[in-house]
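Below is final-v9.pdb, which holds PDB, C-alpha atoms, pLDDT in the B column.
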MODEL        1
ATOM      1  CA  MET A  17      81.733 120.614 -82.961  1.00 40.00           C
ATOM      2  CA  PRO A  18      82.707 117.936 -85.509  1.00 48.00           C
ATOM      3  CA  ARG A  19      81.108 118.000 -88.919  1.00 68.00           C
ATOM      4  CA  TYR A  20      79.224 114.791 -88.183  1.00 74.00           C
ATOM      5  CA  ASP A  21      78.200 113.359 -84.854  1.00 79.00           C
ATOM      6  CA  PHE A  22      78.861 109.634 -85.329  1.00 80.00           C
ATOM      7  CA  ARG A  23      78.270 108.750 -81.685  1.00 85.00           C
ATOM      8  CA  SER A  24      74.581 109.642 -81.430  1.00 91.00           C
ATOM      9  CA  PRO A  25      72.111 107.304 -83.135  1.00 94.00           C
ATOM     10  CA  ARG A  26      70.366 108.710 -86.207  1.00 95.00           C
ATOM     11  CA  LEU A  27      66.772 108.115 -87.166  1.00 96.00           C
ATOM     12  CA  HIS A  28      64.853 109.004 -90.310  1.00 96.00           C
ATOM     13  CA  THR A  29      61.333 110.356 -89.948  1.00 95.00           C
ATOM     14  CA  ASP A  30      58.717 111.515 -92.429  1.00 94.00           C
ATOM     15  CA  ALA A  31      57.534 114.212 -90.005  1.00 95.00           C
ATOM     16  CA  ALA A  32      58.407 117.887 -90.362  1.00 96.00           C
ATOM     17  CA  LEU A  33      61.255 118.963 -88.068  1.00 97.00           C
ATOM     18  CA  ALA A  34      61.420 122.199 -86.088  1.00 97.00           C
ATOM     19  CA  ARG A  35      62.527 123.259 -82.618  1.00 97.00           C
ATOM     20  CA  GLY A  36      60.050 122.263 -79.940  1.00 96.00           C
ATOM     21  CA  GLY A  37      58.274 119.668 -82.046  1.00 95.00           C
ATOM     22  CA  ALA A  38      57.311 116.343 -80.519  1.00 95.00           C
ATOM     23  CA  ILE A  39      57.332 113.205 -82.649  1.00 94.00           C
ATOM     24  CA  LYS A  40      55.490 110.160 -81.376  1.00 94.00           C
ATOM     25  CA  LEU A  41      57.285 107.008 -82.450  1.00 93.00           C
ATOM     26  CA  ASP A  42      55.587 103.980 -83.968  1.00 91.00           C
ATOM     27  CA  ARG A  43      56.304 100.525 -82.595  1.00 90.00           C
ATOM     28  CA  ASP A  44      59.241  99.641 -84.871  1.00 91.00           C
ATOM     29  CA  PRO A  45      61.400 102.761 -84.330  1.00 92.00           C
ATOM     30  CA  ALA A  46      60.531 102.749 -80.628  1.00 92.00           C
ATOM     31  CA  ASN A  47      61.614  99.111 -80.356  1.00 91.00           C
ATOM     32  CA  TYR A  48      64.828  99.895 -82.243  1.00 92.00           C
ATOM     33  CA  LEU A  49      65.786 102.727 -79.907  1.00 93.00           C
ATOM     34  CA  LEU A  50      64.740 101.073 -76.640  1.00 92.00           C
ATOM     35  CA  ASN A  51      65.447  97.391 -77.162  1.00 91.00           C
ATOM     36  CA  VAL A  52      68.135  97.271 -79.867  1.00 93.00           C
ATOM     37  CA  LEU A  53      70.163 100.378 -78.990  1.00 93.00           C
ATOM     38  CA  ARG A  54      69.189 100.214 -75.298  1.00 94.00           C
ATOM     39  CA  LEU A  55      68.514 103.947 -75.059  1.00 94.00           C
ATOM     40  CA  LYS A  56      66.748 105.488 -72.093  1.00 93.00           C
ATOM     41  CA  GLY A  57      64.701 108.595 -71.477  1.00 93.00           C
ATOM     42  CA  GLY A  58      66.826 111.731 -71.864  1.00 94.00           C
ATOM     43  CA  ASP A  59      69.227 110.194 -74.383  1.00 96.00           C
ATOM     44  CA  ALA A  60      69.982 112.102 -77.570  1.00 96.00           C
ATOM     45  CA  VAL A  61      68.900 111.014 -81.046  1.00 97.00           C
ATOM     46  CA  LEU A  62      69.649 112.782 -84.326  1.00 97.00           C
ATOM     47  CA  LEU A  63      66.645 113.170 -86.643  1.00 97.00           C
ATOM     48  CA  PHE A  64      66.445 113.893 -90.367  1.00 97.00           C
ATOM     49  CA  ASN A  65      63.686 113.748 -92.971  1.00 96.00           C
ATOM     50  CA  GLY A  66      65.467 114.636 -96.220  1.00 94.00           C
ATOM     51  CA  ARG A  67      63.988 118.170 -96.188  1.00 95.00           C
ATOM     52  CA  ASP A  68      64.716 120.058 -92.982  1.00 96.00           C
ATOM     53  CA  GLY A  69      68.306 119.169 -92.180  1.00 96.00           C
ATOM     54  CA  GLU A  70      69.429 117.295 -89.084  1.00 97.00           C
ATOM     55  CA  TRP A  71      68.107 117.969 -85.574  1.00 97.00           C
ATOM     56  CA  ARG A  72      69.080 116.810 -82.104  1.00 97.00           C
ATOM     57  CA  ALA A  73      66.160 115.351 -80.176  1.00 97.00           C
ATOM     58  CA  THR A  74      65.665 113.965 -76.698  1.00 97.00           C
ATOM     59  CA  LEU A  75      64.051 110.599 -76.111  1.00 96.00           C
ATOM     60  CA  GLU A  76      61.002 110.685 -73.847  1.00 94.00           C
ATOM     61  CA  VAL A  77      59.548 107.435 -72.488  1.00 92.00           C
ATOM     62  CA  ALA A  78      56.201 107.321 -70.680  1.00 85.00           C
ATOM     63  CA  GLY A  79      55.423 103.613 -70.847  1.00 71.00           C
ATOM     64  CA  LYS A  80      56.002 101.008 -73.525  1.00 67.00           C
ATOM     65  CA  ARG A  81      53.518 102.579 -75.937  1.00 74.00           C
ATOM     66  CA  ALA A  82      54.282 106.226 -75.276  1.00 85.00           C
ATOM     67  CA  VAL A  83      57.709 106.854 -76.757  1.00 92.00           C
ATOM     68  CA  SER A  84      58.447 110.178 -78.401  1.00 94.00           C
ATOM     69  CA  LEU A  85      61.269 112.481 -79.419  1.00 96.00           C
ATOM     70  CA  LEU A  86      61.361 116.142 -78.422  1.00 97.00           C
ATOM     71  CA  VAL A  87      63.133 118.164 -81.106  1.00 97.00           C
ATOM     72  CA  GLY A  88      65.807 120.591 -79.919  1.00 97.00           C
ATOM     73  CA  GLU A  89      68.403 122.442 -81.955  1.00 96.00           C
ATOM     74  CA  GLN A  90      69.352 121.944 -85.589  1.00 97.00           C
ATOM     75  CA  THR A  91      72.792 120.360 -85.933  1.00 95.00           C
ATOM     76  CA  ARG A  92      73.137 120.619 -89.729  1.00 95.00           C
ATOM     77  CA  PRO A  93      71.146 122.476 -92.392  1.00 96.00           C
ATOM     78  CA  GLN A  94      69.769 120.614 -95.384  1.00 95.00           C
ATOM     79  CA  PRO A  95      72.455 120.624 -98.110  1.00 91.00           C
ATOM     80  CA  GLN A  96      71.692 121.237-101.747  1.00 87.00           C
ATOM     81  CA  ALA A  97      71.158 117.846-103.310  1.00 80.00           C
ATOM     82  CA  ASN A  98      73.405 116.590-106.055  1.00 85.00           C
ATOM     83  CA  ASP A  99      71.647 115.679-109.324  1.00 94.00           C
ATOM     84  CA  LEU A 100      72.819 112.177-110.115  1.00 97.00           C
ATOM     85  CA  HIS A 101      70.459 109.463-111.305  1.00 98.00           C
ATOM     86  CA  MET A 102      71.425 105.789-111.362  1.00 98.00           C
ATOM     87  CA  LEU A 103      69.601 103.613-113.874  1.00 98.00           C
ATOM     88  CA  PHE A 104      70.231  99.899-113.538  1.00 96.00           C
ATOM     89  CA  ALA A 105      68.940  96.486-114.512  1.00 94.00           C
ATOM     90  CA  PRO A 106      67.420  94.877-111.379  1.00 93.00           C
ATOM     91  CA  LEU A 107      69.400  92.340-109.383  1.00 92.00           C
ATOM     92  CA  LYS A 108      68.519  89.597-106.926  1.00 90.00           C
ATOM     93  CA  HIS A 109      67.743  90.620-103.356  1.00 86.00           C
ATOM     94  CA  ALA A 110      71.075  90.568-101.547  1.00 92.00           C
ATOM     95  CA  ARG A 111      73.013  92.178-104.364  1.00 93.00           C
ATOM     96  CA  LEU A 112      70.291  94.753-104.990  1.00 95.00           C
ATOM     97  CA  ASP A 113      70.352  95.629-101.277  1.00 97.00           C
ATOM     98  CA  TYR A 114      74.099  96.197-101.524  1.00 97.00           C
ATOM     99  CA  MET A 115      73.785  98.285-104.687  1.00 96.00           C
ATOM    100  CA  VAL A 116      71.113 100.539-103.192  1.00 97.00           C
ATOM    101  CA  GLN A 117      73.103 101.109-100.009  1.00 97.00           C
ATOM    102  CA  LYS A 118      76.288 101.984-101.897  1.00 97.00           C
ATOM    103  CA  ALA A 119      74.433 104.234-104.344  1.00 97.00           C
ATOM    104  CA  VAL A 120      73.067 106.237-101.413  1.00 97.00           C
ATOM    105  CA  GLU A 121      76.516 106.500 -99.858  1.00 96.00           C
ATOM    106  CA  LEU A 122      77.932 107.679-103.198  1.00 96.00           C
ATOM    107  CA  GLY A 123      75.363 110.425-103.657  1.00 95.00           C
ATOM    108  CA  ALA A 124      72.757 109.093-106.087  1.00 97.00           C
ATOM    109  CA  THR A 125      69.564 111.165-105.945  1.00 97.00           C
ATOM    110  CA  LYS A 126      67.324 108.835-107.956  1.00 98.00           C
ATOM    111  CA  LEU A 127      67.355 105.060-108.336  1.00 98.00           C
ATOM    112  CA  GLN A 128      65.611 103.835-111.480  1.00 98.00           C
ATOM    113  CA  PRO A 129      65.292 100.101-112.200  1.00 97.00           C
ATOM    114  CA  VAL A 130      65.434  99.495-115.958  1.00 96.00           C
ATOM    115  CA  ILE A 131      64.024  96.483-117.766  1.00 95.00           C
ATOM    116  CA  THR A 132      66.208  95.426-120.684  1.00 94.00           C
ATOM    117  CA  ARG A 133      66.134  92.407-122.994  1.00 93.00           C
ATOM    118  CA  HIS A 134      68.592  90.421-120.869  1.00 91.00           C
ATOM    119  CA  THR A 135      67.313  91.508-117.445  1.00 91.00           C
ATOM    120  CA  GLN A 136      67.112  88.384-115.283  1.00 86.00           C
ATOM    121  CA  VAL A 137      64.980  89.724-112.417  1.00 87.00           C
ATOM    122  CA  ALA A 138      61.381  90.563-113.280  1.00 79.00           C
ATOM    123  CA  ARG A 139      60.108  91.835-109.926  1.00 89.00           C
ATOM    124  CA  VAL A 140      61.525  94.696-107.887  1.00 94.00           C
ATOM    125  CA  ASN A 141      60.488  95.407-104.311  1.00 95.00           C
ATOM    126  CA  THR A 142      60.692  99.208-104.230  1.00 96.00           C
ATOM    127  CA  GLU A 143      59.672  99.323-100.560  1.00 96.00           C
ATOM    128  CA  ARG A 144      62.672  97.152 -99.725  1.00 96.00           C
ATOM    129  CA  MET A 145      64.834  99.487-101.827  1.00 97.00           C
ATOM    130  CA  ARG A 146      63.573 102.463 -99.860  1.00 97.00           C
ATOM    131  CA  ALA A 147      64.216 100.712 -96.533  1.00 96.00           C
ATOM    132  CA  ASN A 148      67.803 100.025 -97.598  1.00 97.00           C
ATOM    133  CA  ALA A 149      68.217 103.642 -98.698  1.00 97.00           C
ATOM    134  CA  VAL A 150      66.979 104.884 -95.315  1.00 97.00           C
ATOM    135  CA  GLU A 151      69.281 102.505 -93.430  1.00 96.00           C
ATOM    136  CA  ALA A 152      72.306 103.616 -95.447  1.00 97.00           C
ATOM    137  CA  ALA A 153      71.495 107.285 -94.873  1.00 96.00           C
ATOM    138  CA  GLU A 154      71.013 106.728 -91.125  1.00 95.00           C
ATOM    139  CA  GLN A 155      74.340 104.933 -90.786  1.00 93.00           C
ATOM    140  CA  CYS A 156      76.441 107.265 -92.938  1.00 92.00           C
ATOM    141  CA  GLY A 157      75.298 110.722 -91.843  1.00 92.00           C
ATOM    142  CA  ILE A 158      73.550 111.444 -95.148  1.00 93.00           C
ATOM    143  CA  LEU A 159      70.675 113.929 -95.049  1.00 95.00           C
ATOM    144  CA  SER A 160      69.097 113.336 -98.465  1.00 92.00           C
ATOM    145  CA  LEU A 161      67.235 110.253 -99.613  1.00 94.00           C
ATOM    146  CA  PRO A 162      67.066 109.259-103.270  1.00 96.00           C
ATOM    147  CA  GLU A 163      63.827 109.027-105.179  1.00 97.00           C
ATOM    148  CA  ILE A 164      62.953 105.362-105.675  1.00 98.00           C
ATOM    149  CA  ALA A 165      61.292 104.927-109.075  1.00 97.00           C
ATOM    150  CA  GLU A 166      59.181 102.063-110.306  1.00 96.00           C
ATOM    151  CA  PRO A 167      60.778  99.751-112.902  1.00 96.00           C
ATOM    152  CA  ALA A 168      60.373 100.853-116.512  1.00 96.00           C
ATOM    153  CA  PRO A 169      61.432  99.495-119.923  1.00 96.00           C
ATOM    154  CA  LEU A 170      64.600 100.961-121.379  1.00 96.00           C
ATOM    155  CA  ASN A 171      62.875 102.157-124.567  1.00 96.00           C
ATOM    156  CA  ALA A 172      60.225 104.011-122.536  1.00 97.00           C
ATOM    157  CA  LEU A 173      62.878 105.759-120.468  1.00 97.00           C
ATOM    158  CA  LEU A 174      64.808 106.772-123.563  1.00 96.00           C
ATOM    159  CA  GLY A 175      61.649 108.097-125.167  1.00 95.00           C
ATOM    160  CA  ALA A 176      60.902 110.289-122.147  1.00 96.00           C
ATOM    161  CA  ARG A 177      64.504 111.289-121.474  1.00 95.00           C
ATOM    162  CA  ASP A 178      65.555 114.904-120.909  1.00 95.00           C
ATOM    163  CA  ALA A 179      68.402 115.395-123.386  1.00 94.00           C
ATOM    164  CA  LYS A 180      69.962 118.055-121.152  1.00 94.00           C
ATOM    165  CA  ARG A 181      70.922 115.370-118.648  1.00 97.00           C
ATOM    166  CA  LEU A 182      74.249 113.779-119.551  1.00 97.00           C
ATOM    167  CA  LEU A 183      73.803 110.010-119.833  1.00 97.00           C
ATOM    168  CA  ILE A 184      76.889 107.955-118.986  1.00 97.00           C
ATOM    169  CA  PHE A 185      76.274 104.581-120.590  1.00 94.00           C
ATOM    170  CA  CYS A 186      78.473 101.861-119.068  1.00 94.00           C
ATOM    171  CA  ASP A 187      79.179  99.114-121.569  1.00 91.00           C
ATOM    172  CA  GLU A 188      81.896  96.464-121.391  1.00 86.00           C
ATOM    173  CA  ASP A 189      82.062  96.482-125.227  1.00 86.00           C
ATOM    174  CA  ALA A 190      82.957 100.180-125.423  1.00 88.00           C
ATOM    175  CA  ASP A 191      86.261 101.041-127.088  1.00 86.00           C
ATOM    176  CA  VAL A 192      87.084 103.763-124.555  1.00 78.00           C
ATOM    177  CA  LYS A 193      90.407 102.917-122.893  1.00 80.00           C
ATOM    178  CA  ASP A 194      90.533 105.894-120.523  1.00 90.00           C
ATOM    179  CA  PRO A 195      87.127 106.572-118.924  1.00 92.00           C
ATOM    180  CA  VAL A 196      88.498 109.471-116.881  1.00 94.00           C
ATOM    181  CA  ALA A 197      89.667 111.268-120.029  1.00 93.00           C
ATOM    182  CA  ALA A 198      86.316 110.595-121.719  1.00 92.00           C
ATOM    183  CA  LEU A 199      84.445 112.208-118.826  1.00 95.00           C
ATOM    184  CA  LYS A 200      86.854 115.133-118.597  1.00 94.00           C
ATOM    185  CA  ALA A 201      86.175 115.843-122.269  1.00 93.00           C
ATOM    186  CA  VAL A 202      82.538 116.694-121.490  1.00 93.00           C
ATOM    187  CA  ARG A 203      83.170 118.516-118.204  1.00 91.00           C
ATOM    188  CA  THR A 204      81.919 122.094-118.031  1.00 87.00           C
ATOM    189  CA  SER A 205      82.385 124.883-115.506  1.00 78.00           C
ATOM    190  CA  ALA A 206      78.792 124.482-114.331  1.00 82.00           C
ATOM    191  CA  ARG A 207      77.773 121.227-112.688  1.00 86.00           C
ATOM    192  CA  MET A 208      75.408 119.361-115.003  1.00 91.00           C
ATOM    193  CA  PRO A 209      72.607 116.912-114.250  1.00 96.00           C
ATOM    194  CA  LEU A 210      73.915 113.363-114.636  1.00 97.00           C
ATOM    195  CA  ALA A 211      72.598 109.865-115.170  1.00 98.00           C
ATOM    196  CA  VAL A 212      74.587 106.627-115.039  1.00 98.00           C
ATOM    197  CA  LEU A 213      73.152 103.612-116.872  1.00 98.00           C
ATOM    198  CA  LEU A 214      74.230 100.059-115.978  1.00 96.00           C
ATOM    199  CA  GLY A 215      73.005  97.058-117.896  1.00 92.00           C
ATOM    200  CA  PRO A 216      72.262  93.475-116.831  1.00 90.00           C
ATOM    201  CA  GLU A 217      74.870  90.785-116.350  1.00 84.00           C
ATOM    202  CA  GLY A 218      74.105  89.512-119.832  1.00 83.00           C
ATOM    203  CA  GLY A 219      74.941  92.921-121.293  1.00 88.00           C
ATOM    204  CA  PHE A 220      72.913  95.121-123.587  1.00 92.00           C
ATOM    205  CA  ALA A 221      71.312  93.743-126.736  1.00 94.00           C
ATOM    206  CA  GLU A 222      72.664  95.165-129.983  1.00 94.00           C
ATOM    207  CA  GLU A 223      69.446  97.066-130.712  1.00 96.00           C
ATOM    208  CA  GLU A 224      69.627  98.597-127.234  1.00 96.00           C
ATOM    209  CA  ARG A 225      73.183  99.747-127.828  1.00 95.00           C
ATOM    210  CA  ALA A 226      72.137 101.229-131.168  1.00 95.00           C
ATOM    211  CA  ALA A 227      69.228 103.081-129.568  1.00 96.00           C
ATOM    212  CA  LEU A 228      71.471 104.444-126.819  1.00 96.00           C
ATOM    213  CA  LEU A 229      74.116 105.635-129.252  1.00 94.00           C
ATOM    214  CA  LYS A 230      71.478 107.550-131.227  1.00 96.00           C
ATOM    215  CA  GLN A 231      70.582 109.542-128.126  1.00 96.00           C
ATOM    216  CA  PRO A 232      71.985 113.069-127.733  1.00 96.00           C
ATOM    217  CA  ASN A 233      74.356 113.951-124.898  1.00 96.00           C
ATOM    218  CA  VAL A 234      75.569 110.399-124.255  1.00 96.00           C
ATOM    219  CA  VAL A 235      79.017 109.181-123.198  1.00 95.00           C
ATOM    220  CA  ARG A 236      79.743 105.460-123.606  1.00 94.00           C
ATOM    221  CA  LEU A 237      82.304 103.998-121.206  1.00 93.00           C
ATOM    222  CA  ALA A 238      83.980 100.751-120.304  1.00 92.00           C
ATOM    223  CA  LEU A 239      84.898 100.358-116.634  1.00 91.00           C
ATOM    224  CA  GLY A 240      88.390  99.007-117.085  1.00 87.00           C
ATOM    225  CA  PRO A 241      89.912  95.799-118.472  1.00 86.00           C
ATOM    226  CA  ARG A 242      87.961  93.367-116.255  1.00 87.00           C
ATOM    227  CA  ILE A 243      84.348  92.270-116.420  1.00 85.00           C
ATOM    228  CA  LEU A 244      82.654  93.443-113.227  1.00 89.00           C
ATOM    229  CA  ARG A 245      79.600  92.050-111.533  1.00 91.00           C
ATOM    230  CA  ALA A 246      76.672  94.434-111.776  1.00 91.00           C
ATOM    231  CA  ASP A 247      76.767  95.577-108.140  1.00 93.00           C
ATOM    232  CA  THR A 248      80.534  96.151-108.331  1.00 94.00           C
ATOM    233  CA  ALA A 249      80.107  98.038-111.601  1.00 94.00           C
ATOM    234  CA  ALA A 250      77.608 100.371-109.941  1.00 96.00           C
ATOM    235  CA  VAL A 251      80.102 101.317-107.227  1.00 97.00           C
ATOM    236  CA  ALA A 252      82.922 101.769-109.742  1.00 96.00           C
ATOM    237  CA  ALA A 253      80.798 103.865-112.099  1.00 96.00           C
ATOM    238  CA  LEU A 254      79.407 106.168-109.425  1.00 97.00           C
ATOM    239  CA  ALA A 255      82.840 106.709-107.875  1.00 97.00           C
ATOM    240  CA  LEU A 256      84.292 107.491-111.298  1.00 96.00           C
ATOM    241  CA  VAL A 257      81.520 109.916-112.218  1.00 96.00           C
ATOM    242  CA  GLN A 258      81.540 111.666-108.845  1.00 96.00           C
ATOM    243  CA  SER A 259      85.315 112.121-108.954  1.00 95.00           C
ATOM    244  CA  VAL A 260      85.325 113.716-112.430  1.00 95.00           C
ATOM    245  CA  LEU A 261      81.926 115.369-112.873  1.00 95.00           C
ATOM    246  CA  GLY A 262      80.190 115.220-109.515  1.00 92.00           C
ATOM    247  CA  ASP A 263      80.579 116.598-106.017  1.00 90.00           C
ATOM    248  CA  TRP A 264      84.024 115.055-105.468  1.00 89.00           C
ATOM    249  CA  SER A 265      85.578 117.226-108.163  1.00 82.00           C
TER     250      SER A 265
ENDMDL
END
Translate this structure into C-alpha cells?
Amino acid sequence: MPRYDFRSPRLHTDAALARGGAIKLDRDPANYLLNVLRLKGGDAVLLFNGRDGEWRATLEVAGKRAVSLLVGEQTRPQPQANDLHMLFAPLKHARLDYMVQKAVELGATKLQPVITRHTQVARVNTERMRANAVEAAEQCGILSLPEIAEPAPLNALLGARDAKRLLIFCDEDADVKDPVAALKAVRTSARMPLAVLLGPEGGFAEEERAALLKQPNVVRLALGPRILRADTAAVAALALVQSVLGDWS
C-alpha cells in the first residue's frame, strides 16, 4: 500500500475516530461529498481529526439529510507532531490565505499573528485561518492541524516567551550572509522547539529589533539578497528552517 492514498477524498472531522464508529455529516461536508465530489453510497473517504490518525470510512446515504460515514480500518497512525511555531505580522485576506496554507504544508504546528508597529492589517479572521489550515491538510495528506492563536502584540509575546524555544528572527537588515551556516551553528543532536518570526512589509521598528536582540536563544537572519514579500518570506523561512533544524534534516 502506498504511503499516502491520494485518490480517495480526505475529510477532517472533530469527532473521535475508531473502528465501527458512525459519523453523521452536517450539511456542508455532506454537500461537498455528494454534490461537489459526486460520491455515492459505498464510496471510500479518508477521515482524520488531528488526534487519532487517518481512517478509511464508507459513505452511507439514506436521504438528503441522512448522510454519514462508517469508520473502518486505520490507514495511518497519528505521527508525532513537529514543534515549529510561525509568528507573523497579519496580511490581507488572499495573501494570508496563501501563507496559512503553505505553513501547514511545511509543518508549522502553531500560527501566531503578531501586531508590530508597522503592521498594516488590524483585524485577523482566525476562523478563516483555521478553514484554510483544514483545507491544506485535507489536500496534502497531513494529519496534524496547527494551533491558531489570537493576534497579540509583539512585546506581550516576548514577555511571555519560553527562552528554551529557539527564535529565528527574519530581518532584511541582518548582516548574516549565509543563513544556512547560521542555523547549523545552533544545531544540536536533539531536535529543539522552534519559532520563526516574520515582520510586516514595512519591517521592524528599531526598538522592536533592539528588544528582539536582547532576548536569549535568538538567531537573526536575512533571507537572501532580495527583498521578499511577506508571504514569500514565510515559505522561504520555513523551508530553510525545516531543512537545517526541522524534520527535513
Separation of atom CA of A:Asn65 from atom CA of A:Val251, in Å and rounded to one decimal:
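If I compute the distance from atom CA of A:Asn65 to atom CA of A:Val251, I get 25.0 Å.
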Contacts of A:Asp194 at 12 Å or less, counting only C-alpha atoms, minus same-chain residues fewer than 6 places along, as a compact mmCIF listing (two decimals) with C-alpha atoms, keeping the file's coordinate frame?
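For reference, result_26.txt as written:
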# COMPACT_ATOMS: atom_id res chain seq x y z
CA LYS A 200 86.85 115.13 -118.60
CA ALA A 201 86.18 115.84 -122.27
CA ARG A 236 79.74 105.46 -123.61
CA LEU A 237 82.30 104.00 -121.21
CA ALA A 238 83.98 100.75 -120.30
CA LEU A 239 84.90 100.36 -116.63
CA GLY A 240 88.39 99.01 -117.08
CA PRO A 241 89.91 95.80 -118.47
CA LEU A 256 84.29 107.49 -111.30
Restricting the calculation to all atoms listed in the file: of A:Gly123, A:Val202, A:Val140, A:Ala227, which residue gets closest to A:Lys108?
A:Val140
Please write as number ranges by chain the full residue list that the PyMOL selection byres ((chain A and resi 189) around 9) yields on this file.
A: 186-188, 190-192, 219, 237-238
Go ahead and compute the interatomic distance for atom CA of A:Leu85 and atom CA of A:Asn47, in Å to one decimal.
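So the answer is 13.4 Å.
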Sel. within 12 Å of pt (79.7, 117.4, -90.5), counting all atoms listed in the file, output as a PyMOL selection string
chain A and resi 17-22+69-70+91-95+156-159
For a quick check of understanding, using all atoms listed in the file, which of A:Leu107, A:Leu53, A:Val257, A:Leu41 has the smallest distance to A:Glu76?
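Of A:Leu107, A:Leu53, A:Val257, A:Leu41, the one nearest A:Glu76 is A:Leu41, counting all atoms listed in the file.
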Counting only C-alpha atoms, the option among A:Met102, A:Val77, A:Val61, A:Leu33 closest to A:Ala249:
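For A:Ala249, the nearest of the candidates is A:Met102.
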Distance criterion (all atoms listed in the file): nearest to A:Ala119 out of A:Glu217, A:Asp44, A:Glu163, A:Glu223
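The answer is A:Glu163, which sits nearest to A:Ala119.
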Name every residue that the PyMOL selection byres ((chain A and resi 234) around 8) selects in this structure, writing the answer as a list in words with chains first and numbers rising.
Leu182, Leu183, Ile184, Phe185, Leu228, Leu229, Gln231, Pro232, Asn233, Val235 and Arg236 of chain A
Let me make sure I understand: among A:Met115, A:Met145, A:Ala105, A:Leu27, which one has the smallest atom-to-atom distance to A:Leu170 if we use all atoms listed in the file?
A:Ala105
Can you pull out the residues contacting A:Ala73? Cut-off 8 Å, using all atoms listed in the file, and skip same-chain residues under 3 positions away; I want them as a short mmCIF file (atom, residue, chain, number, x, y, z; two decimals) with C-alpha atoms, in the coordinates of the input.
data_model
loop_
_atom_site.label_atom_id
_atom_site.label_comp_id
_atom_site.auth_asym_id
_atom_site.auth_seq_id
_atom_site.Cartn_x
_atom_site.Cartn_y
_atom_site.Cartn_z
CA ALA A 60 69.98 112.10 -77.57
CA VAL A 61 68.90 111.01 -81.05
CA LEU A 62 69.65 112.78 -84.33
CA LEU A 63 66.64 113.17 -86.64
CA LEU A 85 61.27 112.48 -79.42
CA LEU A 86 61.36 116.14 -78.42
CA VAL A 87 63.13 118.16 -81.11
CA GLY A 88 65.81 120.59 -79.92
CA GLU A 89 68.40 122.44 -81.96
#
Atom CA of A:Gln96 to atom CA of A:Trp71, distance in Å rounded to a single decimal
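Value for the atom CA of A:Gln96-atom CA of A:Trp71 distance: 16.9 Å.
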Fewer than 6 positions away in the same chain doesn't count, so skip those; otherwise give me all residues within 12 Å of A:Glu121, counting only C-alpha atoms, as a PyMOL selection string.
chain A and resi 114-115+148-162+250-251+254-255+258
Six-sided padding of 4 Å per side, axis-aligned box over stretch 155-165 of chain A, centre and edges in Å, one decimal, as JSON:
{"center_x": 68.9, "center_y": 109.4, "center_z": -99.9, "size_x": 23.1, "size_y": 17.0, "size_z": 26.3}
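Across the chains present, the PyMOL selection byres ((chain A and resi 172) around 12) applied to this file returns Val130, Ile131, Thr132, Pro167, Ala168, Pro169, Leu170, Asn171, Leu173, Leu174, Gly175, Ala176, Arg177, Glu224 and Ala227 of chain A.
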Output of the above residues as an mmCIF file, in the coordinates of the input, restricted to C-alpha atoms:
data_model
loop_
_atom_site.group_PDB
_atom_site.id
_atom_site.type_symbol
_atom_site.label_atom_id
_atom_site.label_comp_id
_atom_site.auth_asym_id
_atom_site.auth_seq_id
_atom_site.Cartn_x
_atom_site.Cartn_y
_atom_site.Cartn_z
ATOM 1 C CA VAL A 130 65.434 99.495 -115.958
ATOM 2 C CA ILE A 131 64.024 96.483 -117.766
ATOM 3 C CA THR A 132 66.208 95.426 -120.684
ATOM 4 C CA PRO A 167 60.778 99.751 -112.902
ATOM 5 C CA ALA A 168 60.373 100.853 -116.512
ATOM 6 C CA PRO A 169 61.432 99.495 -119.923
ATOM 7 C CA LEU A 170 64.600 100.961 -121.379
ATOM 8 C CA ASN A 171 62.875 102.157 -124.567
ATOM 9 C CA LEU A 173 62.878 105.759 -120.468
ATOM 10 C CA LEU A 174 64.808 106.772 -123.563
ATOM 11 C CA GLY A 175 61.649 108.097 -125.167
ATOM 12 C CA ALA A 176 60.902 110.289 -122.147
ATOM 13 C CA ARG A 177 64.504 111.289 -121.474
ATOM 14 C CA GLU A 224 69.627 98.597 -127.234
ATOM 15 C CA ALA A 227 69.228 103.081 -129.568
#
Restricting the calculation to all atoms listed in the file: of A:Thr125, A:Asn141, A:Thr29, A:Ser205, which residue gets closest to A:Ser84?
A:Thr29
